[in-house]
>>> print(open('work.cif').read())   # mmCIF, C-alpha atoms
data_upload
loop_
_atom_site.label_atom_id
_atom_site.label_comp_id
_atom_site.auth_asym_id
_atom_site.auth_seq_id
_atom_site.Cartn_x
_atom_site.Cartn_y
_atom_site.Cartn_z
CA MET A 1 -15.08 0.61 3.96
CA GLU A 2 -17.36 -0.87 6.61
CA LEU A 3 -17.83 -3.94 4.42
CA ASN A 4 -14.05 -4.39 4.25
CA TRP A 5 -13.79 -4.28 8.05
CA GLU A 6 -16.59 -6.82 8.35
CA VAL A 7 -14.85 -9.10 5.86
CA ALA A 8 -11.55 -8.71 7.73
CA PHE A 9 -13.29 -9.49 11.05
CA CYS A 10 -14.92 -12.63 9.62
CA VAL A 11 -11.63 -13.76 8.10
CA GLY A 12 -9.90 -13.17 11.45
CA ILE A 13 -12.50 -15.26 13.29
CA ALA A 14 -12.16 -18.04 10.72
CA VAL A 15 -8.37 -18.05 11.08
CA PHE A 16 -8.68 -18.11 14.88
CA VAL A 17 -11.09 -21.07 14.74
CA HIS A 18 -8.77 -22.95 12.39
CA ILE A 19 -5.84 -22.33 14.73
CA LEU A 20 -7.87 -23.79 17.61
CA ILE A 21 -8.75 -26.81 15.48
CA VAL A 22 -5.07 -27.37 14.67
CA ILE A 23 -4.11 -27.03 18.34
CA PHE A 24 -6.81 -29.31 19.72
CA VAL A 25 -7.32 -31.82 16.91
CA MET A 26 -4.10 -31.94 14.92
CA GLY A 27 -1.64 -30.72 17.54
CA LYS A 28 -0.44 -34.23 18.33
CA ARG A 29 -0.11 -37.16 16.02
CA PRO A 30 -0.18 -40.61 17.62
CA LYS A 31 2.99 -42.66 17.50
CA SER A 32 2.94 -45.88 15.49
CA ILE A 33 3.62 -49.24 17.11
CA VAL A 34 3.49 -51.27 13.88
CA GLY A 35 6.29 -53.79 14.11
CA ARG A 36 7.43 -52.44 17.49
CA HIS A 37 7.87 -54.59 20.60
CA VAL A 38 5.25 -53.86 23.29
CA VAL A 39 5.44 -55.55 26.71
CA ILE A 40 2.33 -55.62 28.88
CA THR A 41 2.44 -56.80 32.49
CA GLY A 42 -0.82 -58.14 33.87
CA GLY A 43 -1.68 -58.93 30.26
CA SER A 44 -3.58 -62.17 30.87
CA LYS A 45 -6.89 -60.61 31.96
CA GLY A 46 -8.82 -57.41 32.61
CA ILE A 47 -7.48 -54.09 31.32
CA GLY A 48 -4.10 -55.67 30.54
CA LEU A 49 -5.62 -58.27 28.22
CA CYS A 50 -7.71 -55.60 26.48
CA LEU A 51 -4.55 -53.52 26.00
CA ALA A 52 -2.78 -56.53 24.49
CA VAL A 53 -5.63 -56.96 22.01
CA GLU A 54 -5.59 -53.25 21.12
CA CYS A 55 -1.82 -53.31 20.55
CA ALA A 56 -2.09 -56.45 18.44
CA MET A 57 -4.77 -54.79 16.31
CA LYS A 58 -2.40 -51.88 15.74
CA GLY A 59 0.26 -54.22 14.37
CA ALA A 60 2.60 -54.44 17.36
CA ASN A 61 4.68 -57.43 18.42
CA VAL A 62 3.20 -58.14 21.85
CA THR A 63 4.59 -59.88 24.91
CA VAL A 64 2.24 -60.43 27.85
CA ILE A 65 3.57 -61.13 31.35
CA ALA A 66 1.65 -62.52 34.31
CA ARG A 67 1.73 -65.61 36.54
CA ASP A 68 -1.08 -67.87 35.29
CA GLU A 69 0.30 -69.75 32.26
CA LYS A 70 -3.12 -71.05 31.21
CA MET A 71 -4.56 -67.54 31.01
CA LEU A 72 -1.41 -66.25 29.34
CA SER A 73 -1.61 -68.88 26.61
CA GLY A 74 -5.27 -67.93 26.14
CA ALA A 75 -4.25 -64.29 25.70
CA VAL A 76 -1.73 -65.23 23.01
CA ALA A 77 -4.32 -67.41 21.25
CA LEU A 78 -6.75 -64.47 21.23
CA MET A 79 -4.12 -62.21 19.65
CA GLU A 80 -3.37 -64.85 17.00
CA VAL A 81 -7.02 -64.65 15.90
CA ILE A 82 -6.73 -60.90 15.22
CA ARG A 83 -3.24 -61.00 13.67
CA GLN A 84 -2.68 -57.97 11.41
CA ARG A 85 0.63 -58.96 9.78
CA PRO A 86 2.13 -62.34 8.77
CA ASP A 87 5.36 -61.56 10.64
CA GLN A 88 3.65 -60.31 13.80
CA LYS A 89 4.98 -61.94 17.00
CA PHE A 90 2.98 -62.84 20.10
CA GLN A 91 4.43 -64.48 23.18
CA TYR A 92 4.09 -64.74 26.95
CA ARG A 93 6.20 -65.23 30.04
CA SER A 94 5.09 -66.42 33.45
CA LEU A 95 6.99 -64.24 35.94
CA ASP A 96 6.72 -62.73 39.41
CA ILE A 97 7.64 -59.17 38.42
CA GLY A 98 7.46 -57.96 42.03
CA GLY A 99 10.20 -60.34 43.14
CA ASP A 100 13.93 -60.31 42.47
CA TYR A 101 15.00 -57.49 40.11
CA GLU A 102 17.83 -59.50 38.54
CA GLN A 103 15.42 -62.26 37.54
CA VAL A 104 13.02 -59.71 36.00
CA ALA A 105 15.90 -58.04 34.12
CA SER A 106 17.13 -61.42 32.85
CA VAL A 107 13.70 -62.36 31.43
CA LEU A 108 13.20 -58.95 29.80
CA SER A 109 16.68 -59.20 28.27
CA GLU A 110 15.81 -62.60 26.76
CA LEU A 111 12.60 -61.15 25.35
CA GLU A 112 14.53 -58.35 23.67
CA GLU A 113 16.94 -60.84 22.12
CA SER A 114 14.07 -62.77 20.54
CA THR A 115 11.67 -59.95 19.64
CA GLY A 116 13.69 -56.74 19.56
CA ASN A 117 14.13 -53.81 21.91
CA ILE A 118 11.13 -52.95 24.04
CA TYR A 119 9.57 -49.81 22.54
CA ALA A 120 6.60 -49.61 24.89
CA LEU A 121 6.22 -50.95 28.43
CA ILE A 122 2.66 -50.98 29.74
CA ASN A 123 2.66 -51.72 33.47
CA CYS A 124 -0.82 -53.07 34.15
CA ALA A 125 -0.24 -55.74 36.80
CA GLY A 126 -2.01 -54.93 40.03
CA MET A 127 -4.26 -56.14 42.80
CA ALA A 128 -6.40 -54.78 45.62
CA ILE A 129 -6.92 -55.98 49.19
CA CYS A 130 -9.32 -53.82 51.16
CA GLY A 131 -10.05 -53.47 54.85
CA LEU A 132 -9.62 -51.15 57.82
CA PHE A 133 -6.01 -50.02 58.12
CA GLU A 134 -5.28 -51.75 61.45
CA GLU A 135 -7.08 -54.95 60.45
CA LEU A 136 -5.17 -55.76 57.27
CA ALA A 137 -2.48 -58.41 57.71
CA VAL A 138 1.06 -57.07 57.43
CA ALA A 139 1.83 -59.82 54.91
CA ASP A 140 -1.03 -58.58 52.70
CA VAL A 141 0.33 -55.02 52.79
CA HIS A 142 3.76 -56.26 51.65
CA LYS A 143 2.03 -58.26 48.91
CA LEU A 144 0.21 -55.14 47.72
CA MET A 145 3.45 -53.16 47.53
CA ASN A 146 5.30 -55.98 45.76
CA VAL A 147 2.65 -56.41 43.05
CA ASN A 148 1.47 -52.82 42.61
CA PHE A 149 4.69 -50.86 43.13
CA PHE A 150 7.76 -53.07 42.88
CA GLY A 151 6.37 -54.98 39.89
CA SER A 152 6.15 -51.72 37.94
CA TYR A 153 9.42 -50.45 39.42
CA ASN A 154 11.42 -53.53 38.40
CA CYS A 155 10.21 -53.54 34.78
CA THR A 156 10.54 -49.76 34.41
CA ARG A 157 14.00 -49.80 36.01
CA TYR A 158 15.16 -52.20 33.29
CA VAL A 159 13.72 -50.46 30.21
CA LEU A 160 14.23 -46.80 31.16
CA PRO A 161 18.01 -46.48 30.59
CA LYS A 162 17.70 -48.36 27.29
CA MET A 163 14.89 -46.08 26.12
CA LYS A 164 16.86 -42.99 27.11
CA LYS A 165 19.86 -44.23 25.16
CA ALA A 166 17.66 -44.93 22.11
CA ARG A 167 15.94 -41.55 22.62
CA GLU A 168 12.52 -43.11 22.14
CA GLY A 169 10.02 -45.16 24.08
CA ILE A 170 6.70 -45.22 25.90
CA ILE A 171 6.11 -46.15 29.54
CA VAL A 172 2.62 -46.55 31.02
CA LEU A 173 2.08 -46.83 34.76
CA THR A 174 -1.42 -47.94 35.74
CA SER A 175 -2.36 -46.35 39.04
CA SER A 176 -5.93 -45.66 40.20
CA GLN A 177 -8.40 -42.96 41.16
CA ALA A 178 -7.52 -44.09 44.69
CA ALA A 179 -4.17 -42.33 44.14
CA MET A 180 -5.98 -38.99 44.08
CA PHE A 181 -7.27 -39.12 47.66
CA GLY A 182 -7.48 -41.63 50.48
CA ILE A 183 -10.75 -43.56 50.76
CA TYR A 184 -12.17 -45.53 53.68
CA GLY A 185 -11.02 -49.16 53.46
CA TYR A 186 -8.38 -48.54 50.79
CA GLY A 187 -5.44 -47.50 53.05
CA PRO A 188 -2.46 -49.66 51.96
CA TYR A 189 -3.90 -50.09 48.45
CA SER A 190 -4.11 -46.30 48.04
CA ALA A 191 -0.56 -45.98 49.37
CA SER A 192 0.75 -48.39 46.71
CA LYS A 193 -1.08 -46.45 43.98
CA TYR A 194 0.13 -43.07 45.33
CA ALA A 195 3.65 -44.48 45.01
CA LEU A 196 3.06 -45.23 41.32
CA ARG A 197 1.74 -41.72 40.78
CA ALA A 198 4.87 -40.19 42.31
CA MET A 199 7.11 -42.52 40.32
CA ALA A 200 5.35 -41.58 37.08
CA GLU A 201 5.72 -37.84 37.76
CA THR A 202 9.42 -38.25 38.56
CA ILE A 203 10.22 -40.43 35.54
CA ALA A 204 8.30 -38.10 33.22
CA MET A 205 10.34 -35.12 34.42
CA GLU A 206 13.62 -37.00 34.10
CA SER A 207 12.92 -38.60 30.73
CA ARG A 208 11.09 -36.03 28.61
CA ALA A 209 14.31 -34.49 27.30
CA HIS A 210 15.49 -37.97 26.26
CA GLY A 211 12.50 -38.68 24.00
CA VAL A 212 10.72 -41.02 26.42
CA SER A 213 7.04 -40.35 27.15
CA VAL A 214 5.30 -41.44 30.35
CA THR A 215 1.56 -41.94 30.79
CA LEU A 216 -0.13 -42.23 34.18
CA ALA A 217 -3.37 -44.21 33.82
CA LEU A 218 -5.97 -43.49 36.50
CA PRO A 219 -8.84 -45.93 36.00
CA CYS A 220 -11.98 -45.85 38.12
CA ASP A 221 -13.75 -49.08 39.16
CA THR A 222 -13.59 -51.38 36.15
CA ASN A 223 -15.46 -54.60 35.43
CA THR A 224 -12.52 -57.02 35.67
CA PRO A 225 -11.72 -60.30 37.50
CA GLY A 226 -9.50 -58.22 39.79
CA PHE A 227 -12.45 -56.03 40.75
CA GLU A 228 -14.55 -59.11 41.53
CA GLU A 229 -11.80 -60.29 43.88
CA GLU A 230 -11.51 -56.82 45.41
CA GLU A 231 -15.24 -56.81 46.25
CA LYS A 232 -14.74 -59.83 48.54
CA SER A 233 -12.56 -57.86 50.98
CA LYS A 234 -14.32 -54.48 50.86
CA PRO A 235 -15.92 -53.18 54.06
CA ARG A 236 -19.60 -52.25 53.70
CA VAL A 237 -18.78 -48.52 53.86
CA THR A 238 -16.24 -48.86 51.02
CA LYS A 239 -18.76 -50.67 48.84
CA ILE A 240 -21.31 -47.88 49.29
CA ILE A 241 -18.76 -45.12 48.62
CA SER A 242 -17.19 -46.72 45.55
CA GLY A 243 -20.51 -48.04 44.25
CA GLY A 244 -21.77 -44.55 43.45
CA GLY A 245 -19.33 -44.14 40.57
CA GLY A 246 -20.59 -47.02 38.46
CA LEU A 247 -18.49 -49.64 36.70
CA LEU A 248 -16.43 -49.09 33.53
CA GLU A 249 -15.84 -51.81 30.95
CA PRO A 250 -12.15 -52.77 30.55
CA GLU A 251 -12.22 -52.35 26.76
CA VAL A 252 -13.16 -48.67 27.18
CA MET A 253 -10.35 -48.02 29.66
CA ALA A 254 -7.82 -49.90 27.53
CA LYS A 255 -8.65 -47.88 24.41
CA ALA A 256 -8.27 -44.62 26.36
CA ILE A 257 -4.94 -45.65 27.91
CA LEU A 258 -3.42 -46.70 24.58
CA LYS A 259 -4.71 -43.58 22.83
CA ASP A 260 -3.19 -41.29 25.48
CA ALA A 261 0.07 -43.25 25.53
CA LEU A 262 0.51 -43.02 21.76
CA LEU A 263 -0.31 -39.29 21.85
CA GLY A 264 2.24 -38.77 24.61
CA ASN A 265 -0.32 -37.52 27.13
CA PHE A 266 0.74 -37.81 30.76
CA ILE A 267 -2.77 -38.28 32.21
CA SER A 268 -5.25 -40.92 31.08
CA THR A 269 -8.75 -40.93 32.58
CA VAL A 270 -12.27 -41.76 31.39
CA GLY A 271 -15.42 -39.91 32.40
CA VAL A 272 -16.29 -36.54 33.91
CA GLU A 273 -16.17 -37.76 37.51
CA SER A 274 -12.66 -39.20 37.09
CA TRP A 275 -11.54 -35.98 35.39
CA LEU A 276 -12.88 -33.87 38.27
CA ILE A 277 -11.28 -36.06 40.95
CA THR A 278 -7.96 -36.06 39.07
CA LEU A 279 -8.15 -32.29 38.66
CA LEU A 280 -8.79 -31.78 42.38
CA GLY A 281 -6.40 -34.42 43.68
CA GLY A 282 -3.53 -33.70 41.30
CA GLY A 283 -3.10 -29.94 41.20
CA LEU A 284 0.60 -30.23 40.29
CA LEU A 285 0.25 -33.09 37.81
CA PRO A 286 1.82 -32.14 34.45
CA TRP A 287 -1.33 -31.86 32.34
CA ASP A 288 -0.57 -31.42 28.65
CA GLY A 289 -1.38 -28.25 26.71
CA PHE A 290 -1.72 -24.55 27.52
CA PHE A 291 -5.47 -24.45 26.85
CA THR A 292 -6.05 -27.49 29.09
CA ASN A 293 -4.26 -25.76 31.95
CA LEU A 294 -6.10 -22.51 31.22
CA LEU A 295 -9.39 -24.41 31.51
CA HIS A 296 -8.22 -25.84 34.84
CA ALA A 297 -7.35 -22.37 36.12
CA LEU A 298 -10.85 -21.17 35.31
CA VAL A 299 -12.78 -24.07 36.83
CA ILE A 300 -10.65 -25.32 39.73
CA GLY A 301 -12.03 -22.75 42.20
CA PRO A 302 -15.73 -23.61 41.77
CA VAL A 303 -14.87 -27.31 41.42
CA ARG A 304 -13.24 -27.19 44.87
CA LEU A 305 -16.79 -27.03 46.24
CA PHE A 306 -17.44 -30.37 44.50
CA GLY A 307 -14.57 -31.84 46.51
CA TYR A 308 -15.95 -30.40 49.71
CA GLY A 309 -19.37 -31.89 48.99
CA LEU A 310 -17.81 -35.25 48.10
CA HIS A 311 -16.05 -35.50 51.46
CA LYS A 312 -19.22 -34.44 53.30
CA TYR A 313 -21.13 -37.16 51.46
CA PHE A 314 -18.53 -39.83 52.26
CA ASN A 315 -18.46 -38.84 55.95
CA SER A 316 -22.27 -39.02 56.11
CA ILE A 317 -22.10 -42.61 54.80
CA ILE A 318 -19.49 -43.51 57.43
CA ARG A 319 -21.60 -42.03 60.25
CA LYS A 320 -24.75 -43.75 59.02
CA CYS A 321 -23.06 -47.16 58.83
CA ALA A 322 -21.48 -46.65 62.26
CA LYS A 323 -24.93 -45.93 63.76
CA GLU A 324 -26.43 -49.00 62.09
CA ASP A 325 -23.58 -51.22 63.32
CA SER A 326 -23.92 -49.80 66.83
CA ALA A 327 -27.67 -50.47 66.79
CA LYS A 328 -27.09 -54.06 65.67
CA GLN A 329 -24.56 -54.60 68.46
CA THR A 330 -26.98 -53.18 71.04
CA THR A 331 -29.79 -55.40 69.77
CA GLY A 332 -27.48 -58.40 69.85
CA LYS A 333 -26.42 -57.72 73.43
CA GLU A 334 -30.04 -57.29 74.53
CA ALA A 335 -30.95 -60.61 72.88
CA ASP A 336 -28.03 -62.36 74.64
CA ASN A 337 -29.05 -60.87 78.00
CA ALA A 338 -32.63 -62.02 77.45
CA LYS A 339 -31.42 -65.57 76.79
CA VAL A 340 -29.36 -65.55 80.01
CA GLU A 341 -32.35 -64.31 82.05
CA ASN A 342 -34.62 -67.00 80.58
CA GLN A 343 -32.12 -69.67 81.56
#
>>> encode(input="work.cif", output="structure tokens")
Amino acid sequence: MELNWEVAFCVGIAVFVHILIVIFVMGKRPKSIVGRHVVITGGSKGIGLCLAVECAMKGANVTVIARDEKMLSGAVALMEVIRQRPDQKFQYRSLDIGGDYEQVASVLSELEESTGNIYALINCAGMAICGLFEELAVADVHKLMNVNFFGSYNCTRYVLPKMKKAREGIIVLTSSQAAMFGIYGYGPYSASKYALRAMAETIAMESRAHGVSVTLALPCDTNTPGFEEEEKSKPRVTKIISGGGGLLEPEVMAKAILKDALLGNFISTVGVESWLITLLGGGLLPWDGFFTNLLHALVIGPVRLFGYGLHKYFNSIIRKCAKEDSAKQTTGKEADNAKVENQ
């Protein structure tokens, strides 16, 4: 009798483990984009270009949108090299997506006429201008909002009602880890990325019942031409703070974004640090899966101490840099006074 109970217990454990495997491994099957029309904004370089390549390798018909025609034609040429099907279509459009909505809608409509309805929209166009809040030019702040927010808004505004009507579609909004909490030197940039986060949450809630999935990509610092440009305007404090997280390769981020988008996951991050920051900064984000949320419930209390330590660390950097700058100013003034006395 005891042997029977032992056998039953072992069988029960085996069944339980198999259920967990089904839930975690086979619970979601990725959607196919073979022969489907995928539009990628910011698709001429960086993460956007890597996403275009990934989509092309999965058999999609890909349209890349950006401003630089030379880089756009290069992106199309790269996709031609890795063509998976004879009838696969690759094209580009040079367009200011953050400008007039009617112009954006007109171009997207033309693209649908030539290549079919847009099944997936991957909003990847973005830029960063750093600096102290009061020192950034007002024109630069408007530029940030136009590129980062209104560019994604205009394209999403066009495709969303069509996707709802078709009861299928994928929308990706590429935000940033800077949308999880404000960081020294990132003021208006963070604000534009917070706006994308809020838009993604809203659209996801409004569209889920209509068969449209939304993915919010939250990349950390990534080794792209955009990051190189961003470094030029970063204050010294910002460079020290952001430099501690390392630099991710765009191919890695692109693979993660596409994987999460095709699985229908709302959040897309890479790395433990990004996961922790997203967990702390996005307590009400709609994470997928009961067991994922159960894990969050168990760890979020202790992890809150990580957030506390992170802020303490950042503030120590700010104080240290302020002291060093003050010392330099004092030394400079003393040198100037010495010159005056010698004269």
>>> closest_residue(input="work.cif", among="A:Ala137, A:Ser274, A:Gln103, A:Ala327", to="A:Met180", atoms="only C-alpha atoms")
A:Ser274
>>> residues_around(input="work.cif", residues="A:Ser175", least_positions_apart="2", cutoff="8 Å", atoms="only C-alpha atoms", output="ChimeraX atom specification")
/A:173,177-179,193-194,196-197,216-219
>>> residues_around(input="work.cif", residues="A:Asp87", least_positions_apart="3", cutoff="10 Å", atoms="all atoms listed in the file", output="ChimeraX atom specification")
/A:35,59,61,83-84,90
>>> resolve_selection(input="work.cif", expression="the PyMOL selection byres ((chain A and resi 265) around 9)", output="ChimeraX atom specification")
/A:213-216,259-264,266-268,287-288
>>> write_last_selection(input="work.cif", atoms="C-alpha atoms", output="mmCIF file, in the frame of the given file")
data_model
loop_
_atom_site.group_PDB
_atom_site.id
_atom_site.type_symbol
_atom_site.label_atom_id
_atom_site.label_comp_id
_atom_site.auth_asym_id
_atom_site.auth_seq_id
_atom_site.Cartn_x
_atom_site.Cartn_y
_atom_site.Cartn_z
ATOM 1 C CA SER A 213 7.040 -40.350 27.150
ATOM 2 C CA VAL A 214 5.300 -41.440 30.350
ATOM 3 C CA THR A 215 1.560 -41.940 30.790
ATOM 4 C CA LEU A 216 -0.130 -42.230 34.180
ATOM 5 C CA LYS A 259 -4.710 -43.580 22.830
ATOM 6 C CA ASP A 260 -3.190 -41.290 25.480
ATOM 7 C CA ALA A 261 0.070 -43.250 25.530
ATOM 8 C CA LEU A 262 0.510 -43.020 21.760
ATOM 9 C CA LEU A 263 -0.310 -39.290 21.850
ATOM 10 C CA GLY A 264 2.240 -38.770 24.610
ATOM 11 C CA PHE A 266 0.740 -37.810 30.760
ATOM 12 C CA ILE A 267 -2.770 -38.280 32.210
ATOM 13 C CA SER A 268 -5.250 -40.920 31.080
ATOM 14 C CA TRP A 287 -1.330 -31.860 32.340
ATOM 15 C CA ASP A 288 -0.570 -31.420 28.650
#
>>> residues_around(input="work.cif", residues="A:Gly99", least_positions_apart="5", cutoff="9 Å", atoms="only C-alpha atoms", output="count of residues only")
6
>>> closest_residue(input="work.cif", among="A:Gly182, A:Leu284, A:Lys312, A:Gln91", to="A:Ser114", atoms="all atoms listed in the file")
A:Gln91
>>> closest_residue(input="work.cif", among="A:Asp221, A:Glu54, A:Glu230, A:Glu102", to="A:Ile257", atoms="only C-alpha atoms")
A:Glu54
>>> closest_residue(input="work.cif", among="A:Asp140, A:Glu324, A:Glu80, A:Glu206", to="A:Pro161", atoms="all atoms listed in the file")
A:Glu206
>>> closest_residue(input="work.cif", among="A:Tyr153, A:Tyr186, A:Phe181, A:Phe291", to="A:Val237", atoms="all atoms listed in the file")
A:Tyr186
>>> closest_residue(input="work.cif", among="A:Leu285, A:Ile183, A:Leu51, A:Ala56", to="A:Glu201", atoms="only C-alpha atoms")
A:Leu285
>>> axis_aligned_box(input="work.cif", around="stretch 243-249 of chain A", padding_each_side="5 Å", output="lines of an AutoDock Vina configuration file")
center_x = -18.8
center_y = -48.0
center_z = 37.6
size_x = 15.9
size_y = 17.7
size_z = 23.3
>>> build_atoms(input="work.cif", residues="stretch 121-130 of chain A", atoms="all heavy atoms", output="compact mmCIF listing (two decimals), in the coordinates of the input")
# COMPACT_ATOMS: atom_id res chain seq x y z
N LEU A 121 6.48 -50.13 27.25
CA LEU A 121 6.22 -50.95 28.43
C LEU A 121 4.93 -50.46 29.06
O LEU A 121 4.84 -49.29 29.47
CB LEU A 121 7.37 -50.84 29.43
CG LEU A 121 7.10 -51.45 30.81
CD1 LEU A 121 6.95 -52.96 30.72
CD2 LEU A 121 8.22 -51.08 31.79
N ILE A 122 3.94 -51.33 29.13
CA ILE A 122 2.66 -50.98 29.74
C ILE A 122 2.51 -51.76 31.03
O ILE A 122 2.24 -52.97 31.02
CB ILE A 122 1.47 -51.27 28.79
CG1 ILE A 122 1.66 -50.50 27.48
CG2 ILE A 122 0.15 -50.88 29.44
CD1 ILE A 122 0.57 -50.76 26.45
N ASN A 123 2.75 -51.09 32.16
CA ASN A 123 2.66 -51.72 33.47
C ASN A 123 1.20 -51.76 33.89
O ASN A 123 0.62 -50.74 34.27
CB ASN A 123 3.46 -50.91 34.50
CG ASN A 123 4.95 -50.94 34.23
OD1 ASN A 123 5.61 -51.96 34.40
ND2 ASN A 123 5.49 -49.81 33.77
N CYS A 124 0.61 -52.95 33.84
CA CYS A 124 -0.82 -53.07 34.15
C CYS A 124 -1.10 -54.10 35.24
O CYS A 124 -2.25 -54.32 35.61
CB CYS A 124 -1.59 -53.43 32.88
SG CYS A 124 -3.29 -52.83 32.88
N ALA A 125 -0.05 -54.75 35.74
CA ALA A 125 -0.24 -55.74 36.80
C ALA A 125 -0.61 -55.03 38.10
O ALA A 125 -0.02 -54.02 38.45
CB ALA A 125 1.03 -56.56 36.99
N GLY A 126 -1.61 -55.55 38.78
CA GLY A 126 -2.01 -54.93 40.03
C GLY A 126 -3.05 -55.76 40.75
O GLY A 126 -3.63 -56.70 40.18
N MET A 127 -3.27 -55.43 42.01
CA MET A 127 -4.26 -56.14 42.80
C MET A 127 -4.76 -55.21 43.90
O MET A 127 -4.15 -54.16 44.17
CB MET A 127 -3.67 -57.40 43.43
CG MET A 127 -2.57 -57.12 44.45
SD MET A 127 -1.96 -58.59 45.27
CE MET A 127 -3.44 -59.18 46.09
N ALA A 128 -5.86 -55.57 44.52
CA ALA A 128 -6.40 -54.78 45.62
C ALA A 128 -6.83 -55.69 46.75
O ALA A 128 -7.48 -56.72 46.53
CB ALA A 128 -7.58 -53.93 45.16
N ILE A 129 -6.43 -55.33 47.97
CA ILE A 129 -6.92 -55.98 49.19
C ILE A 129 -7.43 -54.86 50.07
O ILE A 129 -6.69 -53.93 50.40
CB ILE A 129 -5.81 -56.77 49.91
CG1 ILE A 129 -5.20 -57.82 48.99
CG2 ILE A 129 -6.38 -57.43 51.17
CD1 ILE A 129 -4.01 -58.55 49.59
N CYS A 130 -8.70 -54.91 50.40
CA CYS A 130 -9.32 -53.82 51.16
C CYS A 130 -9.53 -54.22 52.62
O CYS A 130 -9.47 -55.39 52.98
CB CYS A 130 -10.67 -53.44 50.54
SG CYS A 130 -10.56 -52.98 48.80
